[in-house]
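protein_21.cif follows (mmCIF, N, CA and C atoms and all ligand atoms):
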data_upload
#
loop_
_atom_site.label_atom_id
_atom_site.label_comp_id
_atom_site.auth_asym_id
_atom_site.auth_seq_id
_atom_site.Cartn_x
_atom_site.Cartn_y
_atom_site.Cartn_z
N MET A 1 123.08 131.59 136.33
CA MET A 1 122.05 132.25 137.15
C MET A 1 121.43 133.42 136.38
N PRO A 2 120.13 133.53 136.34
CA PRO A 2 119.54 134.65 135.60
C PRO A 2 119.78 135.97 136.32
N LEU A 3 119.75 137.03 135.55
CA LEU A 3 119.93 138.36 136.13
C LEU A 3 118.67 138.75 136.90
N VAL A 4 118.85 139.38 138.05
CA VAL A 4 117.69 139.88 138.79
C VAL A 4 117.28 141.23 138.19
N GLU A 5 116.06 141.64 138.48
CA GLU A 5 115.49 142.87 137.92
C GLU A 5 116.42 144.09 138.10
N ARG A 6 117.00 144.24 139.28
CA ARG A 6 117.88 145.39 139.55
C ARG A 6 119.13 145.36 138.66
N GLU A 7 119.68 144.17 138.44
CA GLU A 7 120.86 144.06 137.58
C GLU A 7 120.50 144.47 136.15
N ILE A 8 119.31 144.08 135.71
CA ILE A 8 118.85 144.45 134.37
C ILE A 8 118.63 145.95 134.27
N GLN A 9 118.02 146.54 135.30
CA GLN A 9 117.79 147.99 135.31
C GLN A 9 119.11 148.75 135.23
N VAL A 10 120.11 148.29 136.00
CA VAL A 10 121.41 148.95 136.02
C VAL A 10 122.09 148.81 134.65
N LEU A 11 122.02 147.63 134.08
CA LEU A 11 122.63 147.37 132.78
C LEU A 11 121.98 148.23 131.68
N LYS A 12 120.66 148.36 131.75
CA LYS A 12 119.92 149.17 130.77
C LYS A 12 120.36 150.63 130.88
N ALA A 13 120.49 151.11 132.11
CA ALA A 13 120.92 152.49 132.32
C ALA A 13 122.34 152.71 131.82
N ILE A 14 123.22 151.72 132.04
CA ILE A 14 124.59 151.79 131.54
C ILE A 14 124.58 151.86 130.01
N ALA A 15 123.70 151.03 129.41
CA ALA A 15 123.58 151.01 127.95
C ALA A 15 123.14 152.37 127.42
N GLU A 16 122.36 153.10 128.23
CA GLU A 16 121.88 154.42 127.81
C GLU A 16 122.88 155.52 128.16
N GLY A 17 124.02 155.13 128.71
CA GLY A 17 125.09 156.08 128.95
C GLY A 17 125.10 156.72 130.33
N ALA A 18 124.29 156.21 131.25
CA ALA A 18 124.24 156.80 132.59
C ALA A 18 125.46 156.40 133.42
N SER A 19 125.88 157.30 134.29
CA SER A 19 126.99 157.00 135.22
C SER A 19 126.41 156.30 136.45
N TYR A 20 127.30 155.70 137.25
CA TYR A 20 126.84 155.06 138.49
C TYR A 20 126.11 156.07 139.37
N ALA A 21 126.63 157.28 139.44
CA ALA A 21 126.01 158.32 140.27
C ALA A 21 124.58 158.63 139.79
N GLU A 22 124.42 158.74 138.48
CA GLU A 22 123.09 159.02 137.92
C GLU A 22 122.13 157.85 138.17
N ILE A 23 122.65 156.64 138.00
CA ILE A 23 121.81 155.45 138.22
C ILE A 23 121.40 155.38 139.70
N ALA A 24 122.36 155.65 140.58
CA ALA A 24 122.09 155.63 142.01
C ALA A 24 120.97 156.62 142.36
N ALA A 25 121.03 157.81 141.77
CA ALA A 25 120.01 158.83 142.03
C ALA A 25 118.65 158.40 141.48
N ASP A 26 118.66 157.87 140.26
CA ASP A 26 117.41 157.44 139.60
C ASP A 26 116.72 156.31 140.36
N LEU A 27 117.50 155.32 140.76
CA LEU A 27 116.92 154.13 141.39
C LEU A 27 116.86 154.23 142.92
N ILE A 28 117.35 155.38 143.43
CA ILE A 28 117.41 155.61 144.88
C ILE A 28 118.16 154.45 145.57
N LEU A 29 119.38 154.27 145.09
CA LEU A 29 120.27 153.25 145.65
C LEU A 29 121.60 153.92 146.01
N ALA A 30 122.38 153.26 146.86
CA ALA A 30 123.72 153.76 147.16
C ALA A 30 124.63 153.51 145.95
N HIS A 31 125.62 154.38 145.78
CA HIS A 31 126.57 154.26 144.69
C HIS A 31 127.20 152.87 144.68
N ALA A 32 127.61 152.40 145.86
CA ALA A 32 128.26 151.08 145.98
C ALA A 32 127.31 149.95 145.58
N THR A 33 126.03 150.12 145.85
CA THR A 33 125.04 149.10 145.50
C THR A 33 124.91 148.99 143.99
N VAL A 34 124.88 150.16 143.32
CA VAL A 34 124.80 150.18 141.85
C VAL A 34 126.02 149.46 141.27
N LYS A 35 127.18 149.76 141.82
CA LYS A 35 128.43 149.15 141.38
C LYS A 35 128.36 147.63 141.55
N ASN A 36 127.82 147.19 142.69
CA ASN A 36 127.69 145.75 142.94
C ASN A 36 126.77 145.08 141.93
N TYR A 37 125.65 145.73 141.62
CA TYR A 37 124.71 145.18 140.63
C TYR A 37 125.38 145.09 139.26
N ALA A 38 126.11 146.14 138.90
CA ALA A 38 126.80 146.14 137.60
C ALA A 38 127.82 145.01 137.55
N HIS A 39 128.59 144.86 138.62
CA HIS A 39 129.62 143.82 138.63
C HIS A 39 129.01 142.41 138.63
N SER A 40 127.92 142.23 139.36
CA SER A 40 127.31 140.89 139.38
C SER A 40 126.70 140.58 138.01
N ALA A 41 126.14 141.60 137.33
CA ALA A 41 125.58 141.39 135.99
C ALA A 41 126.69 140.99 135.01
N ILE A 42 127.83 141.69 135.10
CA ILE A 42 128.98 141.39 134.23
C ILE A 42 129.45 139.94 134.47
N LYS A 43 129.53 139.56 135.74
CA LYS A 43 129.98 138.22 136.11
C LYS A 43 129.01 137.15 135.61
N LYS A 44 127.71 137.39 135.84
CA LYS A 44 126.70 136.40 135.43
C LYS A 44 126.68 136.20 133.92
N LEU A 45 126.94 137.29 133.18
CA LEU A 45 126.92 137.20 131.71
C LEU A 45 128.24 136.65 131.16
N GLY A 46 129.24 136.51 132.03
CA GLY A 46 130.55 136.05 131.57
C GLY A 46 131.22 137.09 130.69
N ALA A 47 130.92 138.37 130.98
CA ALA A 47 131.46 139.46 130.16
C ALA A 47 132.81 139.92 130.68
N ARG A 48 133.60 140.57 129.80
CA ARG A 48 134.92 141.05 130.18
C ARG A 48 134.90 142.52 130.57
N SER A 49 133.82 143.22 130.25
CA SER A 49 133.73 144.64 130.58
C SER A 49 132.25 145.03 130.59
N GLN A 50 131.98 146.27 130.99
CA GLN A 50 130.60 146.78 130.95
C GLN A 50 130.05 146.77 129.53
N ALA A 51 130.88 147.25 128.60
CA ALA A 51 130.44 147.31 127.20
C ALA A 51 130.11 145.91 126.68
N HIS A 52 130.96 144.96 127.06
CA HIS A 52 130.75 143.58 126.64
C HIS A 52 129.45 143.03 127.25
N ALA A 53 129.20 143.38 128.51
CA ALA A 53 127.98 142.93 129.19
C ALA A 53 126.74 143.50 128.50
N VAL A 54 126.79 144.77 128.12
CA VAL A 54 125.66 145.41 127.42
C VAL A 54 125.42 144.69 126.08
N HIS A 55 126.49 144.44 125.37
CA HIS A 55 126.40 143.73 124.08
C HIS A 55 125.77 142.35 124.26
N LEU A 56 126.28 141.60 125.23
CA LEU A 56 125.77 140.24 125.47
C LEU A 56 124.29 140.27 125.89
N ALA A 57 123.94 141.25 126.71
CA ALA A 57 122.56 141.35 127.19
C ALA A 57 121.59 141.63 126.03
N TYR A 58 122.04 142.45 125.05
CA TYR A 58 121.20 142.69 123.86
C TYR A 58 121.10 141.42 123.02
N GLN A 59 122.24 140.78 122.83
CA GLN A 59 122.27 139.55 122.02
C GLN A 59 121.37 138.48 122.61
N ALA A 60 121.37 138.41 123.94
CA ALA A 60 120.60 137.37 124.64
C ALA A 60 119.12 137.75 124.77
N GLY A 61 118.79 138.98 124.37
CA GLY A 61 117.40 139.41 124.47
C GLY A 61 117.00 139.83 125.88
N ILE A 62 118.01 139.98 126.78
CA ILE A 62 117.73 140.44 128.14
C ILE A 62 117.40 141.93 128.07
N LEU A 63 118.16 142.65 127.25
CA LEU A 63 117.83 144.03 126.93
C LEU A 63 117.29 144.00 125.51
N ARG A 64 116.25 144.70 125.28
CA ARG A 64 115.68 144.72 123.93
C ARG A 64 115.63 146.13 123.40
N ARG A 65 115.98 146.26 122.17
CA ARG A 65 115.84 147.53 121.49
C ARG A 65 114.35 147.71 121.25
N GLU A 66 113.81 148.82 121.69
CA GLU A 66 112.39 149.05 121.42
C GLU A 66 112.25 149.61 120.02
N ARG A 67 111.25 149.10 119.34
CA ARG A 67 111.04 149.48 117.96
C ARG A 67 109.95 150.54 117.91
N HIS A 68 110.17 151.59 117.11
CA HIS A 68 109.18 152.65 116.99
C HIS A 68 109.01 153.07 115.54
N GLY A 69 107.84 153.58 115.22
CA GLY A 69 107.63 154.22 113.92
C GLY A 69 106.98 153.34 112.88
N ASP A 70 106.57 152.12 113.25
CA ASP A 70 105.87 151.28 112.27
C ASP A 70 104.79 150.45 112.97
N HIS A 71 104.16 149.58 112.20
CA HIS A 71 103.06 148.78 112.72
C HIS A 71 103.52 147.90 113.89
N ALA A 72 104.73 147.33 113.80
CA ALA A 72 105.25 146.46 114.87
C ALA A 72 105.46 147.26 116.16
N GLY A 73 105.96 148.48 116.02
CA GLY A 73 106.17 149.35 117.18
C GLY A 73 104.84 149.71 117.82
N TYR A 74 103.87 150.02 116.99
CA TYR A 74 102.52 150.38 117.45
C TYR A 74 101.92 149.21 118.23
N ALA A 75 102.02 148.00 117.66
CA ALA A 75 101.49 146.80 118.29
C ALA A 75 102.19 146.53 119.63
N ALA A 76 103.50 146.81 119.68
CA ALA A 76 104.26 146.57 120.91
C ALA A 76 103.79 147.50 122.03
N HIS A 77 103.48 148.76 121.69
CA HIS A 77 102.93 149.69 122.69
C HIS A 77 101.64 149.13 123.27
N LEU A 78 100.75 148.68 122.39
CA LEU A 78 99.46 148.15 122.84
C LEU A 78 99.67 146.92 123.72
N TYR A 79 100.63 146.10 123.31
CA TYR A 79 100.94 144.88 124.07
C TYR A 79 101.41 145.24 125.48
N ARG A 80 102.20 146.33 125.59
CA ARG A 80 102.70 146.76 126.90
C ARG A 80 101.66 147.55 127.68
N GLY A 81 100.48 147.75 127.06
CA GLY A 81 99.41 148.49 127.74
C GLY A 81 99.65 149.98 127.77
N GLU A 82 100.42 150.48 126.78
CA GLU A 82 100.74 151.91 126.74
C GLU A 82 99.98 152.60 125.61
N GLU A 83 99.91 153.92 125.73
CA GLU A 83 99.45 154.76 124.62
C GLU A 83 100.60 154.83 123.62
N PRO A 84 100.37 154.45 122.34
CA PRO A 84 101.47 154.51 121.37
C PRO A 84 102.05 155.93 121.24
N CYS A 85 103.35 156.03 121.01
CA CYS A 85 103.98 157.33 120.83
C CYS A 85 103.60 157.90 119.46
N ASP A 86 103.88 159.19 119.27
CA ASP A 86 103.48 159.87 118.02
C ASP A 86 104.10 159.22 116.79
N LEU A 87 105.38 158.81 116.95
CA LEU A 87 106.10 158.18 115.84
C LEU A 87 105.38 156.89 115.41
N CYS A 88 104.96 156.10 116.38
CA CYS A 88 104.27 154.84 116.09
C CYS A 88 102.87 155.08 115.55
N LYS A 89 102.19 156.13 116.05
CA LYS A 89 100.86 156.47 115.54
C LYS A 89 100.96 156.81 114.05
N ALA A 90 101.97 157.59 113.70
CA ALA A 90 102.17 157.98 112.30
C ALA A 90 102.49 156.73 111.46
N GLY A 91 103.33 155.85 112.01
CA GLY A 91 103.69 154.62 111.30
C GLY A 91 102.48 153.73 111.09
N GLU A 92 101.62 153.68 112.10
CA GLU A 92 100.41 152.86 112.02
C GLU A 92 99.45 153.42 110.96
N ARG A 93 99.34 154.76 110.92
CA ARG A 93 98.48 155.39 109.90
C ARG A 93 98.97 155.04 108.50
N ALA A 94 100.28 155.12 108.31
CA ALA A 94 100.87 154.80 107.00
C ALA A 94 100.61 153.33 106.66
N TYR A 95 100.76 152.48 107.66
CA TYR A 95 100.53 151.05 107.46
C TYR A 95 99.08 150.78 107.04
N ARG A 96 98.13 151.40 107.75
CA ARG A 96 96.71 151.20 107.43
C ARG A 96 96.36 151.74 106.05
N ASN A 97 96.95 152.90 105.71
CA ASN A 97 96.71 153.47 104.38
C ASN A 97 97.21 152.55 103.28
N SER A 98 98.40 151.97 103.50
CA SER A 98 98.96 151.11 102.45
C SER A 98 98.15 149.81 102.35
N ARG A 99 97.64 149.33 103.49
CA ARG A 99 96.79 148.13 103.47
C ARG A 99 95.50 148.42 102.70
N ARG A 100 94.93 149.62 102.96
CA ARG A 100 93.69 150.00 102.29
C ARG A 100 93.93 150.09 100.77
N GLN A 101 95.08 150.68 100.43
CA GLN A 101 95.45 150.82 99.03
C GLN A 101 95.59 149.44 98.37
N GLN A 102 96.23 148.51 99.10
CA GLN A 102 96.42 147.15 98.57
C GLN A 102 95.08 146.46 98.34
N ARG A 103 94.16 146.66 99.30
CA ARG A 103 92.84 146.02 99.17
C ARG A 103 92.10 146.59 97.96
N LYS A 104 92.23 147.92 97.78
CA LYS A 104 91.57 148.58 96.66
C LYS A 104 92.09 148.03 95.32
N GLU A 105 93.42 147.86 95.29
CA GLU A 105 94.03 147.37 94.05
C GLU A 105 93.67 145.91 93.77
N ALA A 106 93.47 145.15 94.87
CA ALA A 106 93.15 143.72 94.72
C ALA A 106 91.69 143.54 94.28
N ALA A 107 90.85 144.53 94.61
CA ALA A 107 89.41 144.40 94.31
C ALA A 107 89.10 144.63 92.83
ZN ZN B 1 106.54 154.07 119.69
#
Entire entry expressed as structure tokens:
Amino acid sequence: MPLVEREIQVLKAIAEGASYAEIAADLILAHATVKNYAHSAIKKLGARSQAHAVHLAYQAGILRRERHGDHAGYAAHLYRGEEPCDLCKAGERAYRNSRRQQRKEAA
């Protein structure tokens, strides 16, 4: 069974080091509800622990590491409809400069 959005949100927060209490406050859920989502996510992933569930979710691409600071990160921001962060803007500038340099050398 695929993970529901809430299970993914809870797992992502766990991966970022949040406690059940913090997650409950952030998502405006009861503590017990957060615990239930975490446990159902662990069960669905066939994991043995929270840490194992986080690992499996990354491996499976359910949780994705966001990339920043280069052309790929910049493109990902645009794809998500966001304003690129400063790190990605700087990476994009460097990428464009190196492309320009390559074109100059090729000419
Ligand atoms: Zn970025």
| task | Residues within 6 Å of ligand ZN 1 (chain B) should be enumerated using all atoms listed in the file and returned as a ChimeraX atom specification. | result | /A:67-69,73-74,84-88
| said: List as a list in words the protein and nucleic acid residues near range 47-54 of chain A, meaning an atom at most 8 Å away when all atoms listed in the file are counted, but skip any in the same chain fewer than 4 places from it. | reply: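 Here the qualifying residues turn out to be Leu11, Lys12, Ile14, Ala15, Ala38, Ala41, Ile42, Lys43, Tyr58, Gln59, Ala60 and Leu63 of chain A.
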| Expressed in Å to a single decimal, how great is the separation between CA of Ser19 in chain A and CA of Arg65 in chain A? | 20.1 Å
| field | Atom pair CA of Gly46 in chain A / CA of Val10 in chain A: separation (Å) | value |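 According to the coordinates, CA of Gly46 in chain A and CA of Val10 in chain A are separated by 16.4 Å.
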| In Å, how far is it from CA of Glu92 in chain A to CA of His71 in chain A? | 4.9 Å
| Residue neighbourhood Ala32 in chain A, 10 Å, only C-alpha atoms, exclusion window fewer than 6 positions, as a PyMOL selection string | chain A and resi 20-21+24+38
| request: Might you pull out every residue within 8 Å of range 2-4 of chain A, with only N, CA and C atoms counted and same-chain residues fewer than 2 positions away left off, and present them as an MDAnalysis selection string? | output: chainID A and resid 6:10 40:41 44:45
